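Written below as structure tokens is the structure these notes are about.
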There are 2 protein chains.
Amino acid sequence: MEPYLLTATECLEKFKDGSLTVEAYARSLLARIDQRDSAVKAWAHLDPEYVIEQARALDQIPPEKRGPLHGVSVAVKDIMHTKRMPTQHNSPIYQGDAPEIDAGSVTILKRAGALLIGKSTTTQFASPKDGPPTCNPNDLSRTPGGSSSGSAAAVADFQVAIGLGTQTGGSTVRPGSFNGIYAMKPTWNAITREGHKTYSLTLDTIGFFARSADDLELLAKVFALEDDAPRETEATIPIQRAKFAIVRTVVWPEAGPGTLAAMDIAARLLREHGAEVEAVDLLPEFDEMPRWHHIIMDTEARSAFLPEYRISKEQLQPFITNHVENSTKISRAEQLEAFDRVAALRPKFDKIAEKYTAIITPSVIDEAPLGQKFTGSAAFNALHTPVINVPGFKGENDMPVGLSLVAGRYHDRHLLAVAKEVGKIFESQGGWKRHCHV
Amino acid sequence: MEPYLLTATECLEKFKDGSLTVEAYARSLLARIDQRDSAVKAWAHLDPEYVIEQARALDQIPPEKRGPLHGVSVAVKDIMHTKRMPTQHNSPIYQGDAPEIDAGSVTILKRAGALLIGKSTTTQFASPKDGPPTCNPNDLSRTPGGSSSGSAAAVADFQVAIGLGTQTGGSTVRPGSFNGIYAMKPTWNAITREGHKTYSLTLDTIGFFARSADDLELLAKVFALEDDAPRETEATIPIQRAKFAIVRTVVWPEAGPGTLAAMDIAARLLREHGAEVEAVDLLPEFDEMPRWHHIIMDTEARSAFLPEYRISKEQLQPFITNHVENSTKISRAEQLEAFDRVAALRPKFDKIAEKYTAIITPSVIDEAPLGQKFTGSAAFNALHTPVINVPGFKGENDMPVGLSLVAGRYHDRHLLAVAKEVGKIFESQGGWKRHCHV
């Protein structure tokens with residue numbers, strides 16, 4: 001098997017048993033990228049020499065000193081600072097800007113032995129706007145979703161094992177679903193965002209992409225995601241004793257055939273495997289979440305982008321200048337109301353989530369649309385809960401569709417254990433299979 | 001008058017009327033620093049050549065193109081990134097580290113025409129621990145307070161007009177009081193903290209030091225601090241129609257003679273000037289604020305310092321490694337309880353604050369103690385409100401003591417207007433006078 005096809009967990013085994021060197025793995029990935037880059041366009045910056053240099057240095061480390069991500073390939077979203085590679089935010093203001101500093105997340109990955117492949121494309125400053133020219137590897141005429149477009153597309157296209165993204169609205173979960181891969185947004189602030197461009201302090205969260213739930217678990221350990229003592233003593237969650245809540249959320253009226261079918265099939269499959277599945281309506285106050293989410297995002301971006309506005313407002317997308325100029329005239333009173341109301345809902349949501357093994361909700365309204373259009377927003381982001389997109393379903397154009405598993409805050413490891421079991425079922429019986437396109 | 005004695009507002013006038021060049025001002029400051037630095041030790045980095053280079057460039061700008069802070073001297077706390085100057089966090093890990101990047105706040109200042117003098121001393125990563133060797137300019141045997149030690153001491157010692165600090169506990173208000181200067185912590189997240197070392201996402205706030213309330217207002221405008229429509233239509237707040245609440249807070253049992261006297265004198269003076277002043281007890285639930293504050297700080301620092309821990313835990317102070325290792329064994333459930341309970345108190349506090357022109361509380365338990373000891377913490381920080389330390393009082397050793405004015409969130413400009421009027425009274429009649437020591 002070509003090394004580029006390996007998941008992170010698989011390549012770690014081969015590095016361990018000596019059947020693969022990091023350099024050989026790196027060369028395989030670079031060849032894959034060379035073959036596919038003109039079609040998928042997932043990279044904002046990629047320097048093969050730097051990749052090989054890192055790979056050779058990693059191969060020199062004696063086995064007993066290797067880190068838990070020794071040699072694992074990673075794409076870094078281009079709003080996260082990296083030494084040796086520019087960080088350009090898809091903004092003319094930062095064209096060629098390359099400060100010698102690593103984001104906290106990048107430091108953690110490097111110390112764990114990760115192999116940084118390059119910087120992946122993003123919408124401007126990870127905004128919820130039309131994306132970079134990156135294409136969905138499952139159908140090049142369709143969007144990979146944004147804002148973490150490049151990381152998701154590169155992982156889905158076997159150009160890299162792991163992708164780093166961020167989520168302020170649905171920037172991790174959405175491209176996860178559109179590309180047919182696992183995507184995890186951990187609990188808010190469980191992982192440092194230092195060195196990532198800030199959009200909204202209350203909403204911004206790091207995100208991970210991988211082609212297996214095991215790979216996400218690897219990352220969870222490296223990033224020290226730790227729950228309180230687990231609810232289940234078993235290492236895995238037995239589906240036959242699980243209880244799932246189906247929460248349709250406010251996106252339901254807009255949901256397309258792919259998402260509608262996925263929700264039906266998921267409930268049926270889980271029941272067939274012995275789980276209890278019930279439809280749950282959240283309290284009506286949760287219906288206001290999207291409105292509050294928008295107010296928080298708009299108003300927090302007002303201070304976040306003042307520096308760039310002062311550098312050169314002419315070079316910012318109107319979407320960003322509108323934030324700074326508060327063009328929608330949101331008052332401070334409205335801003336605080338949204339901030340406080342969402343804060344009050346968080347413990348309420350946790351309490352609901354506690355009653356279930358996991359909550360299942362749509363990841364997106366439907367499969368990836370044509371073009372580079374941006375679609376929808378995961379307003380539940382403001383609840384700060386962990387969310388994992390599990391792939392396995394498909395839309396009417398055979399594009400992948402995923403569903404989101406959600407748990408209460410700081411139940412990240414629990415949710416990962418659930419995602420592993422649920423993922424086995426969805427991936428094998430959900431109707432969609434991942435292909436390596438050539 | 002020596003230019004180094006000027007406040008920001010005063011030097012701006014002289015630049016405008018042509019009676020002072022930025023270069024002459026810079027040279028005056030550098031001479032003052034040269035004279036005093038071995039005693040006060042406020043600087044972690046200072047390059048006179050870079051200062052002069054900036055000053056000359058500023059002098060070249062035609063009057064009509066000058067920014068609102070044209071030539072105003074600023075000290076930048078050494079946990080904030082600056083191009084051309086290292087950012088070392090008082091940590092051996094970052095010794096000599098100088099990434100070419102400006103914090104968002106620094107970008108805003110530079111675009112406004114500020115003259116960056118240097119990087120000011122801090123406790124390690126702005127932690128609430130014993131400070132750098134910086135001395136209080138009012139009595140060199142005493143602490144300037146931390147963690148923003150250098151910025152506060154430099155402003156108090158007339159080495160610079162404006163200081164940038166940060167506050168997670170009381171790191172701005174405390175040194176403000178200890179050094180006898182104005183210190184402002186704006187509403188949380190009203191100003192971007194991008195490019196500052198993160199300690200606690202929920203608590204970290206930028207802070208400003210100045211020798212006049214007018215200077216703080218200058219900064220408020222540059223940083224686009226904007227309230228909703230003001231409660232008072234007048235530009236200034238007439239003290240004879242003002243109503244103040246005296247809130248003793250949970251620090252009261254520990255308060256020393258300086259703070260006890262300041263609170264008494266303040267109430268008397270404000271009444272003499274026609275204001276209504278009433279003692280207000282907050283609801284008992286506010287008494288738990290310090291405990292929640294500590295839980296939030298400890299647990300959020302757990303993720304904030306994981307990168308440095310992975311780089312070299314041996315080079316971190318035990319205080320920091322304890323955060324990462326969660327040595328106090330705070331559960332996720334306790335962390336969330338603290339986070340949610342404080343969130344629920346914020347709108348309650350705002351409602352109380354709305355009834356008053358401002359709330360007056362102690363800034364510190366007393367005047368600056370001997371040595372470099374760290375003292376106390378402003379647990380009210382978690383409420384996200386703006387706070388301004390107004391100087392004017394003194395302790396039993398004739399060291400300055402200030403009091404804090406507090407308003408509800410996003411009443412920053414209102415609070416500044418109050419601080420200007422109250423400051424006139426406290427500074428002229430409170431009993432302490434600022435001196436330029438030689």
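The chains in the structure tokens are called A, B, ... from first to last as shown; in each chain the residues are counted from 1, and the ligands are counted from 1 in the order shown.
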
Exercise for the section: With a distance cut-off of 10 Å and only C-alpha atoms, select the neighbouring residues of Ala153 in chain B, excluding the residue or stretch itself and same-chain residues fewer than 5 positions from it, and output the selection as a PyMOL selection string. Expected result: chain B and resi 40-43+120-121+134-138+143-146+148+158-160+163+175-176+178-181+209

Given the selection you just returned, output its residues as a file containing C-alpha atoms, formatted as an mmCIF file, in the first residue's frame.
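Result file selection-v1.cif:
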data_model
loop_
_atom_site.group_PDB
_atom_site.id
_atom_site.type_symbol
_atom_site.label_atom_id
_atom_site.label_comp_id
_atom_site.auth_asym_id
_atom_site.auth_seq_id
_atom_site.Cartn_x
_atom_site.Cartn_y
_atom_site.Cartn_z
ATOM 1 C CA VAL B 40 13.727 51.619 39.130
ATOM 2 C CA LYS B 41 14.624 48.804 36.691
ATOM 3 C CA ALA B 42 11.405 49.060 34.717
ATOM 4 C CA TRP B 43 12.706 47.784 31.386
ATOM 5 C CA SER B 120 8.586 46.715 30.366
ATOM 6 C CA THR B 121 9.180 44.119 33.063
ATOM 7 C CA THR B 134 11.563 46.520 39.423
ATOM 8 C CA CYS B 135 11.196 49.055 42.272
ATOM 9 C CA ASN B 136 8.440 51.449 43.181
ATOM 10 C CA PRO B 137 9.636 54.914 42.142
ATOM 11 C CA ASN B 138 7.934 56.445 45.196
ATOM 12 C CA THR B 143 7.253 46.820 45.199
ATOM 13 C CA PRO B 144 5.606 48.527 42.222
ATOM 14 C CA GLY B 145 3.136 45.630 42.255
ATOM 15 C CA GLY B 146 2.638 43.138 39.503
ATOM 16 C CA SER B 148 2.482 44.797 34.991
ATOM 17 C CA PHE B 158 8.064 59.929 34.290
ATOM 18 C CA GLN B 159 10.105 57.636 32.057
ATOM 19 C CA VAL B 160 7.189 57.264 29.675
ATOM 20 C CA GLY B 163 2.073 52.044 29.800
ATOM 21 C CA PRO B 175 0.304 48.500 40.270
ATOM 22 C CA GLY B 176 -1.807 51.519 39.394
ATOM 23 C CA PHE B 178 0.863 51.135 44.346
ATOM 24 C CA ASN B 179 2.529 53.664 42.040
ATOM 25 C CA GLY B 180 0.007 56.472 42.324
ATOM 26 C CA ILE B 181 -1.171 56.625 38.727
ATOM 27 C CA PHE B 209 -1.431 53.278 32.743
#

Show me, as a compact mmCIF listing (two decimals) with N, CA, C and O atoms, in the first residue's frame, every residue of chain B with an atom at most 6 Å from chain A, counting only C-alpha atoms.
# COMPACT_ATOMS: atom_id res chain seq x y z
N PRO B 99 10.17 37.28 17.53
CA PRO B 99 9.44 37.07 16.28
C PRO B 99 8.97 38.40 15.70
O PRO B 99 8.61 39.30 16.46
N GLU B 100 9.00 38.52 14.39
CA GLU B 100 8.65 39.80 13.76
C GLU B 100 7.13 39.92 13.63
O GLU B 100 6.56 39.77 12.55
N ILE B 101 6.52 40.19 14.78
CA ILE B 101 5.06 40.30 14.78
C ILE B 101 4.64 41.29 15.86
O ILE B 101 5.24 41.34 16.92
N GLY B 104 -2.02 42.87 18.34
CA GLY B 104 -3.06 43.74 17.79
C GLY B 104 -3.05 45.12 18.42
O GLY B 104 -3.18 46.14 17.74
N THR B 107 -0.16 47.14 17.10
CA THR B 107 -0.48 47.62 15.75
C THR B 107 -1.34 48.87 15.81
O THR B 107 -1.07 49.87 15.12
N ILE B 108 -2.36 48.83 16.64
CA ILE B 108 -3.27 49.98 16.76
C ILE B 108 -2.51 51.21 17.26
O ILE B 108 -2.68 52.32 16.72
N ALA B 190 -13.23 44.15 24.80
CA ALA B 190 -13.51 45.36 24.02
C ALA B 190 -12.30 45.73 23.19
O ALA B 190 -12.40 46.47 22.21
N ILE B 191 -11.12 45.23 23.61
CA ILE B 191 -9.88 45.46 22.88
C ILE B 191 -9.22 44.11 22.64
O ILE B 191 -9.16 43.28 23.55
N THR B 192 -8.76 43.89 21.45
CA THR B 192 -8.16 42.60 21.10
C THR B 192 -6.93 42.31 21.97
O THR B 192 -6.13 43.20 22.26
N ASP B 228 -22.89 52.44 24.37
CA ASP B 228 -24.14 52.87 23.74
C ASP B 228 -24.31 54.35 24.08
O ASP B 228 -23.52 54.92 24.83
N SER B 303 -4.67 24.77 29.99
CA SER B 303 -4.47 24.63 28.53
C SER B 303 -3.56 25.73 27.99
O SER B 303 -2.82 25.49 27.03
N ALA B 304 -3.57 26.90 28.61
CA ALA B 304 -2.80 28.03 28.07
C ALA B 304 -1.29 27.75 28.10
O ALA B 304 -0.55 28.21 27.23
N PRO B 307 1.75 24.42 25.83
CA PRO B 307 2.88 24.53 24.89
C PRO B 307 4.22 24.75 25.61
O PRO B 307 5.20 24.05 25.31
N ARG B 332 -13.44 18.97 36.08
CA ARG B 332 -14.08 19.70 34.99
C ARG B 332 -15.44 20.23 35.47
O ARG B 332 -15.85 21.33 35.07

Exercise for the section: Write down as a list in words the residues of range 341-377 of chain A whose backbone DSSP state falls under strand (DSSP E or B). Expected result: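 The strand (DSSP E or B) residues within range 341-377 of chain A come out as Ala358, Ile359, Ile360, Thr361, Pro362 and Leu370 of chain A.
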
Practice task
Excluding Gln240 in chain B and residues on its chain fewer than 6 positions from it, collect all residues at most 8 Å away from it, counting only C-alpha atoms, and give them as a ChimeraX atom specification.
Solution key: /B:273-276

Expected file: the selected residues, N, CA, C and O atoms, as a short mmCIF file (atom, residue, chain, number, x, y, z; two decimals), in the first residue's frame:
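So out_10.cif came out as:
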data_model
loop_
_atom_site.label_atom_id
_atom_site.label_comp_id
_atom_site.auth_asym_id
_atom_site.auth_seq_id
_atom_site.Cartn_x
_atom_site.Cartn_y
_atom_site.Cartn_z
N HIS B 273 -18.72 67.56 47.77
CA HIS B 273 -18.92 68.13 46.44
C HIS B 273 -20.35 67.92 45.94
O HIS B 273 -20.63 68.15 44.75
N GLY B 274 -21.21 67.46 46.81
CA GLY B 274 -22.63 67.42 46.46
C GLY B 274 -23.16 66.07 46.00
O GLY B 274 -24.34 65.94 45.67
N ALA B 275 -22.28 65.08 45.93
CA ALA B 275 -22.74 63.77 45.45
C ALA B 275 -23.46 63.01 46.56
O ALA B 275 -23.23 63.24 47.74
N GLU B 276 -24.30 62.09 46.11
CA GLU B 276 -24.91 61.13 47.02
C GLU B 276 -23.97 59.93 47.10
O GLU B 276 -23.49 59.47 46.06
#

Practice task
Write out as a PyMOL selection string each polymer residue whose atoms come within 8 Å of Ile360 in chain A, counting only C-alpha atoms; drop sequence neighbours fewer than 2 positions from it.
Solution key: chain A and resi 244-247+358+362+403-406

Exercise for the section: Write out as a list of chain:residue names each polymer residue whose atoms come within 8 Å of Met85 in chain A, counting only C-alpha atoms; drop sequence neighbours fewer than 2 positions from it. Expected result: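 Here the qualifying residues turn out to be A:His45, A:Thr82, A:Lys83, A:Thr87, A:Ala98, A:Gly118, A:Lys119.
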
Practice task
Could you find all residues in range 4-79 of chain A that DSSP calls alpha helix (DSSP H) from the backbone, and write them as JSON, numbers by chain?
Solution key: {"A": [8, 9, 10, 11, 12, 13, 14, 15, 16, 22, 23, 24, 25, 26, 27, 28, 29, 30, 31, 32, 33, 34, 35, 36, 37, 38, 39, 40, 48, 49, 50, 51, 52, 53, 54, 55, 56, 57, 58, 59]}

So that I have them on file, write out the residues from the current selection with C-alpha atoms, as a PDB file, in the first residue's frame.
ATOM      1  CA  ALA A   8      -1.966   8.544  11.409  1.00  0.00           C
ATOM      2  CA  THR A   9      -2.525   5.478  13.581  1.00  0.00           C
ATOM      3  CA  GLU A  10      -1.439   3.174  10.766  1.00  0.00           C
ATOM      4  CA  CYS A  11       1.710   5.053   9.866  1.00  0.00           C
ATOM      5  CA  LEU A  12       2.759   5.204  13.523  1.00  0.00           C
ATOM      6  CA  GLU A  13       2.695   1.395  13.597  1.00  0.00           C
ATOM      7  CA  LYS A  14       4.896   1.207  10.551  1.00  0.00           C
ATOM      8  CA  PHE A  15       7.365   3.719  11.952  1.00  0.00           C
ATOM      9  CA  LYS A  16       7.430   1.649  15.125  1.00  0.00           C
ATOM     10  CA  VAL A  22       9.369   9.188   7.878  1.00  0.00           C
ATOM     11  CA  GLU A  23      11.316  10.289   4.828  1.00  0.00           C
ATOM     12  CA  ALA A  24       9.764   7.583   2.635  1.00  0.00           C
ATOM     13  CA  TYR A  25       6.352   8.518   4.008  1.00  0.00           C
ATOM     14  CA  ALA A  26       7.003  12.200   3.341  1.00  0.00           C
ATOM     15  CA  ARG A  27       8.100  11.487  -0.218  1.00  0.00           C
ATOM     16  CA  SER A  28       4.974   9.448  -0.822  1.00  0.00           C
ATOM     17  CA  LEU A  29       2.795  12.328   0.425  1.00  0.00           C
ATOM     18  CA  LEU A  30       4.701  14.872  -1.633  1.00  0.00           C
ATOM     19  CA  ALA A  31       4.257  12.731  -4.759  1.00  0.00           C
ATOM     20  CA  ARG A  32       0.529  12.458  -4.025  1.00  0.00           C
ATOM     21  CA  ILE A  33       0.310  16.212  -3.549  1.00  0.00           C
ATOM     22  CA  ASP A  34       2.274  16.799  -6.742  1.00  0.00           C
ATOM     23  CA  GLN A  35      -0.221  14.642  -8.606  1.00  0.00           C
ATOM     24  CA  ARG A  36      -3.354  16.195  -7.139  1.00  0.00           C
ATOM     25  CA  ASP A  37      -2.566  19.764  -6.206  1.00  0.00           C
ATOM     26  CA  SER A  38      -3.551  21.373  -9.487  1.00  0.00           C
ATOM     27  CA  ALA A  39      -6.987  19.788  -9.116  1.00  0.00           C
ATOM     28  CA  VAL A  40      -7.689  20.136  -5.372  1.00  0.00           C
ATOM     29  CA  PRO A  48       8.945  20.160  -0.107  1.00  0.00           C
ATOM     30  CA  GLU A  49      12.493  20.821   1.055  1.00  0.00           C
ATOM     31  CA  TYR A  50      11.314  21.819   4.518  1.00  0.00           C
ATOM     32  CA  VAL A  51       9.153  18.685   4.658  1.00  0.00           C
ATOM     33  CA  ILE A  52      12.086  16.429   3.764  1.00  0.00           C
ATOM     34  CA  GLU A  53      14.343  18.250   6.202  1.00  0.00           C
ATOM     35  CA  GLN A  54      11.881  17.606   9.042  1.00  0.00           C
ATOM     36  CA  ALA A  55      11.403  13.972   7.966  1.00  0.00           C
ATOM     37  CA  ARG A  56      15.139  13.299   7.999  1.00  0.00           C
ATOM     38  CA  ALA A  57      15.504  14.891  11.430  1.00  0.00           C
ATOM     39  CA  LEU A  58      12.632  12.765  12.737  1.00  0.00           C
ATOM     40  CA  ASP A  59      14.233   9.598  11.341  1.00  0.00           C
TER      41      ASP A  59
END

Completion exercise
CA of Asp78 in chain B sits from CA of Pro369 in chain B at a separation of 23.6 Å

Exercise for the section: Work out how far CA of Arg248 in chain A is from CA of Leu270 in chain A, in Å to one decimal. Expected result: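 Interatomic distance, CA of Leu270 in chain A to CA of Arg248 in chain A: 16.5 Å.
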
Problem - Point-to-point distance in Å for CA of Tyr182 in chain B and CA of Gly258 in chain B - result: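 These two atoms are separated by 17.3 Å.
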